[in-house]
$ cat data.pdb   # PDB, C-alpha atoms
ATOM      1  CA  MET A 117      88.539 -62.191-195.414  1.00  0.00           C
ATOM      2  CA  HIS A 118      86.985 -62.209-191.998  1.00  0.00           C
ATOM      3  CA  VAL A 119      83.509 -62.310-190.464  1.00  0.00           C
ATOM      4  CA  ARG A 120      81.841 -59.973-188.017  1.00  0.00           C
ATOM      5  CA  PRO A 121      78.345 -59.147-186.793  1.00  0.00           C
ATOM      6  CA  ALA A 122      76.468 -56.917-189.208  1.00  0.00           C
ATOM      7  CA  THR A 123      75.358 -53.525-187.928  1.00  0.00           C
ATOM      8  CA  ASP A 124      72.781 -50.957-188.987  1.00  0.00           C
ATOM      9  CA  ALA A 125      75.567 -49.040-190.731  1.00  0.00           C
ATOM     10  CA  ASP A 126      76.259 -52.087-192.940  1.00  0.00           C
ATOM     11  CA  LEU A 127      72.716 -52.464-194.225  1.00  0.00           C
ATOM     12  CA  PRO A 128      72.947 -50.279-197.371  1.00  0.00           C
ATOM     13  CA  GLU A 129      76.103 -52.087-198.544  1.00  0.00           C
ATOM     14  CA  LEU A 130      74.663 -55.507-197.693  1.00  0.00           C
ATOM     15  CA  ALA A 131      71.456 -54.620-199.544  1.00  0.00           C
ATOM     16  CA  ARG A 132      73.488 -53.677-202.646  1.00  0.00           C
ATOM     17  CA  GLY A 133      75.335 -56.994-202.509  1.00  0.00           C
ATOM     18  CA  MET A 134      72.195 -58.995-201.880  1.00  0.00           C
ATOM     19  CA  LYS A 135      70.503 -57.326-204.844  1.00  0.00           C
ATOM     20  CA  LEU A 136      73.373 -58.380-207.106  1.00  0.00           C
ATOM     21  CA  VAL A 137      72.935 -62.003-206.004  1.00  0.00           C
ATOM     22  CA  ILE A 138      69.143 -61.858-206.371  1.00  0.00           C
ATOM     23  CA  ASP A 139      69.503 -60.370-209.848  1.00  0.00           C
ATOM     24  CA  GLU A 140      71.580 -63.414-210.877  1.00  0.00           C
ATOM     25  CA  GLU A 141      68.320 -65.392-210.513  1.00  0.00           C
ATOM     26  CA  ARG A 142      70.273 -68.512-209.733  1.00  0.00           C
ATOM     27  CA  TRP A 143      71.341 -68.997-206.130  1.00  0.00           C
ATOM     28  CA  VAL A 144      68.742 -67.537-203.764  1.00  0.00           C
ATOM     29  CA  ALA A 145      64.986 -67.966-203.488  1.00  0.00           C
ATOM     30  CA  ARG A 146      64.154 -64.253-203.599  1.00  0.00           C
ATOM     31  CA  GLN A 147      63.414 -63.037-207.106  1.00  0.00           C
ATOM     32  CA  PRO A 148      63.735 -59.700-208.860  1.00  0.00           C
ATOM     33  CA  PRO A 149      62.477 -57.107-209.097  1.00  0.00           C
ATOM     34  CA  VAL A 150      63.529 -55.830-205.707  1.00  0.00           C
ATOM     35  CA  THR A 151      65.094 -52.531-204.707  1.00  0.00           C
ATOM     36  CA  GLU A 152      68.078 -51.943-202.474  1.00  0.00           C
ATOM     37  CA  ALA A 153      65.815 -49.878-200.204  1.00  0.00           C
ATOM     38  CA  GLU A 154      63.415 -52.829-199.777  1.00  0.00           C
ATOM     39  CA  LEU A 155      66.292 -55.159-199.008  1.00  0.00           C
ATOM     40  CA  ALA A 156      67.858 -52.744-196.513  1.00  0.00           C
ATOM     41  CA  GLU A 157      64.529 -52.419-194.708  1.00  0.00           C
ATOM     42  CA  ASN A 158      64.113 -56.200-194.672  1.00  0.00           C
ATOM     43  CA  LEU A 159      67.600 -56.602-193.186  1.00  0.00           C
ATOM     44  CA  ARG A 160      66.841 -53.898-190.597  1.00  0.00           C
ATOM     45  CA  ALA A 161      63.668 -55.756-189.589  1.00  0.00           C
ATOM     46  CA  ARG A 162      65.639 -58.987-189.266  1.00  0.00           C
ATOM     47  CA  LEU A 163      68.116 -57.305-186.925  1.00  0.00           C
ATOM     48  CA  GLU A 164      65.251 -55.922-184.845  1.00  0.00           C
ATOM     49  CA  GLU A 165      63.664 -59.405-184.679  1.00  0.00           C
ATOM     50  CA  GLY A 166      66.880 -60.812-183.217  1.00  0.00           C
ATOM     51  CA  HIS A 167      68.321 -62.512-186.278  1.00  0.00           C
ATOM     52  CA  ARG A 168      72.070 -62.996-186.057  1.00  0.00           C
ATOM     53  CA  LEU A 169      73.365 -61.383-189.226  1.00  0.00           C
ATOM     54  CA  ILE A 170      77.035 -62.086-189.816  1.00  0.00           C
ATOM     55  CA  ALA A 171      78.845 -60.219-192.587  1.00  0.00           C
ATOM     56  CA  LEU A 172      81.808 -61.417-194.627  1.00  0.00           C
ATOM     57  CA  GLU A 173      84.307 -58.625-195.055  1.00  0.00           C
ATOM     58  CA  ASP A 174      86.966 -58.799-197.748  1.00  0.00           C
ATOM     59  CA  SER A 175      90.164 -57.468-196.224  1.00  0.00           C
ATOM     60  CA  ASP A 176      91.842 -57.915-199.628  1.00  0.00           C
ATOM     61  CA  ALA A 177      89.451 -55.532-201.367  1.00  0.00           C
ATOM     62  CA  ALA A 178      90.799 -52.904-203.705  1.00  0.00           C
ATOM     63  CA  ALA A 179      92.404 -49.839-202.178  1.00  0.00           C
ATOM     64  CA  ASP A 180      89.410 -47.700-203.176  1.00  0.00           C
ATOM     65  CA  ASP A 181      87.013 -50.122-201.455  1.00  0.00           C
ATOM     66  CA  PRO A 182      88.737 -51.376-198.278  1.00  0.00           C
ATOM     67  CA  GLY A 183      86.782 -53.795-196.142  1.00  0.00           C
ATOM     68  CA  ALA A 184      84.023 -54.365-198.687  1.00  0.00           C
ATOM     69  CA  LEU A 185      81.175 -56.551-197.459  1.00  0.00           C
ATOM     70  CA  VAL A 186      80.976 -59.483-199.844  1.00  0.00           C
ATOM     71  CA  GLY A 187      78.648 -61.944-198.104  1.00  0.00           C
ATOM     72  CA  LEU A 188      76.124 -62.512-195.360  1.00  0.00           C
ATOM     73  CA  ILE A 189      74.660 -65.345-193.317  1.00  0.00           C
ATOM     74  CA  ASP A 190      71.405 -65.018-191.387  1.00  0.00           C
ATOM     75  CA  LEU A 191      70.903 -67.348-188.415  1.00  0.00           C
ATOM     76  CA  HIS A 192      67.366 -67.164-187.081  1.00  0.00           C
ATOM     77  CA  PRO A 193      64.820 -69.136-185.071  1.00  0.00           C
ATOM     78  CA  THR A 194      62.170 -71.214-186.776  1.00  0.00           C
ATOM     79  CA  ARG A 195      58.723 -71.989-185.378  1.00  0.00           C
ATOM     80  CA  ILE A 196      60.214 -75.057-183.656  1.00  0.00           C
ATOM     81  CA  ASP A 197      61.915 -74.608-180.269  1.00  0.00           C
ATOM     82  CA  GLY A 198      65.630 -75.367-180.488  1.00  0.00           C
ATOM     83  CA  VAL A 199      65.743 -75.235-184.292  1.00  0.00           C
ATOM     84  CA  HIS A 200      67.313 -72.344-186.175  1.00  0.00           C
ATOM     85  CA  ALA A 201      67.714 -71.849-189.917  1.00  0.00           C
ATOM     86  CA  ILE A 202      70.374 -70.219-192.035  1.00  0.00           C
ATOM     87  CA  GLY A 203      70.361 -68.457-195.354  1.00  0.00           C
ATOM     88  CA  MET A 204      73.454 -67.011-196.951  1.00  0.00           C
ATOM     89  CA  TRP A 205      74.924 -65.405-200.037  1.00  0.00           C
ATOM     90  CA  ILE A 206      78.341 -64.415-201.338  1.00  0.00           C
ATOM     91  CA  LEU A 207      79.037 -62.038-204.192  1.00  0.00           C
ATOM     92  CA  PRO A 208      80.113 -63.408-207.560  1.00  0.00           C
ATOM     93  CA  GLY A 209      83.876 -63.261-207.857  1.00  0.00           C
ATOM     94  CA  ARG A 210      84.285 -63.853-204.121  1.00  0.00           C
ATOM     95  CA  ARG A 211      82.871 -67.393-204.134  1.00  0.00           C
ATOM     96  CA  GLY A 212      85.098 -70.423-203.750  1.00  0.00           C
ATOM     97  CA  LYS A 213      87.659 -68.611-201.594  1.00  0.00           C
ATOM     98  CA  GLY A 214      86.721 -69.907-198.145  1.00  0.00           C
ATOM     99  CA  GLY A 215      84.249 -67.195-197.186  1.00  0.00           C
ATOM    100  CA  GLY A 216      81.251 -69.542-197.170  1.00  0.00           C
ATOM    101  CA  ARG A 217      82.977 -71.826-194.700  1.00  0.00           C
ATOM    102  CA  MET A 218      83.857 -68.826-192.525  1.00  0.00           C
ATOM    103  CA  LEU A 219      80.218 -67.708-192.502  1.00  0.00           C
ATOM    104  CA  ILE A 220      78.892 -71.177-191.660  1.00  0.00           C
ATOM    105  CA  ASP A 221      81.475 -71.623-188.889  1.00  0.00           C
ATOM    106  CA  ALA A 222      80.539 -68.224-187.434  1.00  0.00           C
ATOM    107  CA  ALA A 223      76.835 -69.101-187.468  1.00  0.00           C
ATOM    108  CA  ILE A 224      77.500 -72.448-185.793  1.00  0.00           C
ATOM    109  CA  ASP A 225      79.750 -70.833-183.185  1.00  0.00           C
ATOM    110  CA  GLY A 226      77.185 -68.061-182.611  1.00  0.00           C
ATOM    111  CA  ARG A 227      74.134 -70.267-182.165  1.00  0.00           C
ATOM    112  CA  PRO A 228      72.362 -70.056-178.814  1.00  0.00           C
ATOM    113  CA  ALA A 229      73.242 -72.864-176.397  1.00  0.00           C
ATOM    114  CA  ASP A 230      69.744 -74.370-176.584  1.00  0.00           C
ATOM    115  CA  VAL A 231      69.809 -74.776-180.371  1.00  0.00           C
ATOM    116  CA  HIS A 232      70.014 -78.482-181.145  1.00  0.00           C
ATOM    117  CA  LYS A 233      69.584 -78.173-184.906  1.00  0.00           C
ATOM    118  CA  ILE A 234      70.376 -75.763-187.724  1.00  0.00           C
ATOM    119  CA  GLU A 235      68.521 -76.313-190.995  1.00  0.00           C
ATOM    120  CA  LEU A 236      68.702 -74.873-194.478  1.00  0.00           C
ATOM    121  CA  GLU A 237      67.361 -75.315-197.979  1.00  0.00           C
ATOM    122  CA  VAL A 238      69.454 -75.256-201.133  1.00  0.00           C
ATOM    123  CA  TRP A 239      68.664 -75.665-204.831  1.00  0.00           C
ATOM    124  CA  PRO A 240      69.575 -79.214-205.973  1.00  0.00           C
ATOM    125  CA  ASP A 241      71.804 -77.848-208.764  1.00  0.00           C
ATOM    126  CA  ASN A 242      73.921 -75.783-206.352  1.00  0.00           C
ATOM    127  CA  GLU A 243      76.480 -78.541-206.009  1.00  0.00           C
ATOM    128  CA  ALA A 244      79.212 -76.278-204.637  1.00  0.00           C
ATOM    129  CA  ALA A 245      76.996 -75.134-201.758  1.00  0.00           C
ATOM    130  CA  ILE A 246      75.779 -78.665-201.034  1.00  0.00           C
ATOM    131  CA  GLY A 247      79.403 -79.834-200.850  1.00  0.00           C
ATOM    132  CA  LEU A 248      80.271 -76.979-198.505  1.00  0.00           C
ATOM    133  CA  TYR A 249      77.334 -77.768-196.243  1.00  0.00           C
ATOM    134  CA  GLU A 250      78.218 -81.460-196.163  1.00  0.00           C
ATOM    135  CA  ARG A 251      81.859 -80.659-195.291  1.00  0.00           C
ATOM    136  CA  SER A 252      80.465 -78.484-192.470  1.00  0.00           C
ATOM    137  CA  GLY A 253      78.565 -81.422-190.971  1.00  0.00           C
ATOM    138  CA  PHE A 254      75.148 -80.890-192.555  1.00  0.00           C
ATOM    139  CA  GLN A 255      73.264 -83.913-193.835  1.00  0.00           C
ATOM    140  CA  ARG A 256      70.528 -84.208-196.418  1.00  0.00           C
ATOM    141  CA  GLU A 257      67.162 -84.733-194.780  1.00  0.00           C
ATOM    142  CA  GLY A 258      64.843 -84.573-197.725  1.00  0.00           C
ATOM    143  CA  LEU A 259      63.648 -82.928-200.881  1.00  0.00           C
ATOM    144  CA  ARG A 260      60.857 -80.425-201.360  1.00  0.00           C
ATOM    145  CA  ARG A 261      59.915 -81.579-204.857  1.00  0.00           C
ATOM    146  CA  ASP A 262      58.518 -78.852-207.145  1.00  0.00           C
ATOM    147  CA  HIS A 263      57.891 -76.734-204.078  1.00  0.00           C
ATOM    148  CA  TYR A 264      58.724 -73.156-205.087  1.00  0.00           C
ATOM    149  CA  ARG A 265      56.840 -71.477-207.920  1.00  0.00           C
ATOM    150  CA  ARG A 266      58.972 -68.955-209.765  1.00  0.00           C
ATOM    151  CA  ARG A 267      57.625 -65.818-211.415  1.00  0.00           C
ATOM    152  CA  ASP A 268      57.968 -67.457-214.821  1.00  0.00           C
ATOM    153  CA  GLY A 269      55.648 -70.249-213.654  1.00  0.00           C
ATOM    154  CA  THR A 270      58.307 -72.944-213.319  1.00  0.00           C
ATOM    155  CA  LEU A 271      58.620 -74.968-210.141  1.00  0.00           C
ATOM    156  CA  ARG A 272      61.872 -75.468-208.216  1.00  0.00           C
ATOM    157  CA  SER A 273      62.754 -78.223-205.828  1.00  0.00           C
ATOM    158  CA  ALA A 274      64.920 -77.668-202.757  1.00  0.00           C
ATOM    159  CA  VAL A 275      67.184 -80.010-200.828  1.00  0.00           C
ATOM    160  CA  ILE A 276      66.552 -79.880-197.074  1.00  0.00           C
ATOM    161  CA  MET A 277      69.747 -80.155-195.033  1.00  0.00           C
ATOM    162  CA  ALA A 278      70.458 -79.892-191.322  1.00  0.00           C
ATOM    163  CA  ARG A 279      73.140 -80.311-188.697  1.00  0.00           C
ATOM    164  CA  LEU A 280      72.398 -81.655-185.244  1.00  0.00           C
ATOM    165  CA  PHE A 281      74.176 -80.560-182.069  1.00  0.00           C
ATOM    166  CA  PRO A 282      73.775 -83.445-179.577  1.00  0.00           C
ATOM    167  CA  GLU A 283      75.308 -81.409-176.769  1.00  0.00           C
ATOM    168  CA  ALA A 284      72.152 -79.268-176.803  1.00  0.00           C
ATOM    169  CA  PHE A 285      69.754 -82.235-176.466  1.00  0.00           C
TER     170      PHE A 285
END

$ encode --input "data.pdb" --output "structure tokens"
Amino acid sequence: MHVRPATDADLPELARGMKLVIDEERWVARQPPVTEAELAENLRARLEEGHRLIALEDSDAAADDPGALVGLIDLHPTRIDGVHAIGMWILPGRRGKGGGRMLIDAAIDGRPADVHKIELEVWPDNEAAIGLYERSGFQREGLRRDHYRRRDGTLRSAVIMARLFPEAF
């Protein structure tokens, strides 16, 4: 596997992958129903807004699907100067193979020089992701208790994590 900047040509494939993860209704905040066309347009808008979209490409994909895009990380500014946020996903079956770490490392390496902090939110029960973030230097900063209302009416909490970059202070 390797990472590379996502391009306009990648958007349909990334939208298909993102839809699969959304349809799991477990790992990401976005909820179904959502179409691939809506997701592709959302990704296109992110690119136009200057988000750094980094794709995870599986170089070990099957011969009939070489170089399949199996994950994505989105590094983007927040409303606070010097603070960016990330959101990411990896396809089922490709998780736990080092791709998440590659995506996080690429986002960290690709952050603008004036970014002193990268933040994220993760579901409290996503222990694998929390472990990955902690191994990548992120620390828990708080909990948004019962913050996100789901379509079924339930509320979800989210762990707030961040990594500081003192060299940018």

$ closest_residue --input "data.pdb" --among "A:Gly198, A:Gly209, A:Gly133, A:Gly187" --to "Leu280 in chain A" --atoms "only C-alpha atoms"
A:Gly198

$ residues_around --input "data.pdb" --residues "range 139-146 of chain A" --least-positions-apart "3" --cutoff "12 Å" --atoms "all atoms listed in the file" --output "PyMOL selection string"
chain A and resi 131-136+149-152+155+203-208+211+236-246+263-268+271-274

$ atom_distance --input "data.pdb" --atom1 "CA of Asp124 in chain A" --atom2 "CA of Gly214 in chain A"
25.2 Å

$ residues_near_point --input "data.pdb" --point "(68.8, -75.4, -182.4)" --cutoff "10 Å" --atoms "only C-alpha atoms" --output "list of chain:residue names"
A:His192, A:Pro193, A:Thr194, A:Ile196, A:Asp197, A:Gly198, A:Val199, A:His200, A:Ala201, A:Ile224, A:Arg227, A:Pro228, A:Ala229, A:Asp230, A:Val231, A:His232, A:Lys233, A:Ile234, A:Glu235, A:Arg279, A:Leu280, A:Phe281, A:Pro282, A:Ala284, A:Phe285

$ atom_distance --input "data.pdb" --atom1 "CA of Met218 in chain A" --atom2 "CA of His167 in chain A"
17.9 Å

$ atom_distance --input "data.pdb" --atom1 "CA of Lys213 in chain A" --atom2 "CA of Leu185 in chain A"
14.3 Å

$ resolve_selection --input "data.pdb" --expression "the PyMOL selection byres ((chain A and resi 257) around 9)" --output "VMD selection string"
chain A and resid 255 to 256 258 to 259 275 to 278

$ write_last_selection --input "data.pdb" --atoms "C-alpha atoms" --output "mmCIF file, keeping the file's coordinate frame"
data_model
loop_
_atom_site.group_PDB
_atom_site.id
_atom_site.type_symbol
_atom_site.label_atom_id
_atom_site.label_comp_id
_atom_site.auth_asym_id
_atom_site.auth_seq_id
_atom_site.Cartn_x
_atom_site.Cartn_y
_atom_site.Cartn_z
ATOM 1 C CA GLN A 255 73.264 -83.913 -193.835
ATOM 2 C CA ARG A 256 70.528 -84.208 -196.418
ATOM 3 C CA GLY A 258 64.843 -84.573 -197.725
ATOM 4 C CA LEU A 259 63.648 -82.928 -200.881
ATOM 5 C CA VAL A 275 67.184 -80.010 -200.828
ATOM 6 C CA ILE A 276 66.552 -79.880 -197.074
ATOM 7 C CA MET A 277 69.747 -80.155 -195.033
ATOM 8 C CA ALA A 278 70.458 -79.892 -191.322
#

$ closest_residue --input "data.pdb" --among "A:Ile202, A:Pro148, A:Glu250, A:Leu172" --to "Gly216 in chain A" --atoms "only C-alpha atoms"
A:Leu172

$ closest_residue --input "data.pdb" --among "A:Asp262, A:Thr123, A:Ala161, A:Ser175" --to "Gly215 in chain A" --atoms "only C-alpha atoms"
A:Ser175

$ residues_around --input "data.pdb" --residues "Arg160 in chain A" --least-positions-apart "2" --cutoff "12 Å" --atoms "only C-alpha atoms" --output "list in words"
Ala122, Thr123, Asp124, Ala125, Asp126, Leu127, Pro128, Leu130, Ala131, Ala153, Glu154, Leu155, Ala156, Glu157, Asn158, Arg162, Leu163, Glu164, Glu165, Gly166, His167, Arg168 and Leu169 of chain A

$ residues_near_point --input "data.pdb" --point "(90.4, -62.7, -187.6)" --cutoff "12 Å" --atoms "all atoms listed in the file" --output "VMD selection string"
chain A and resid 117 to 120 172 to 175 218 222
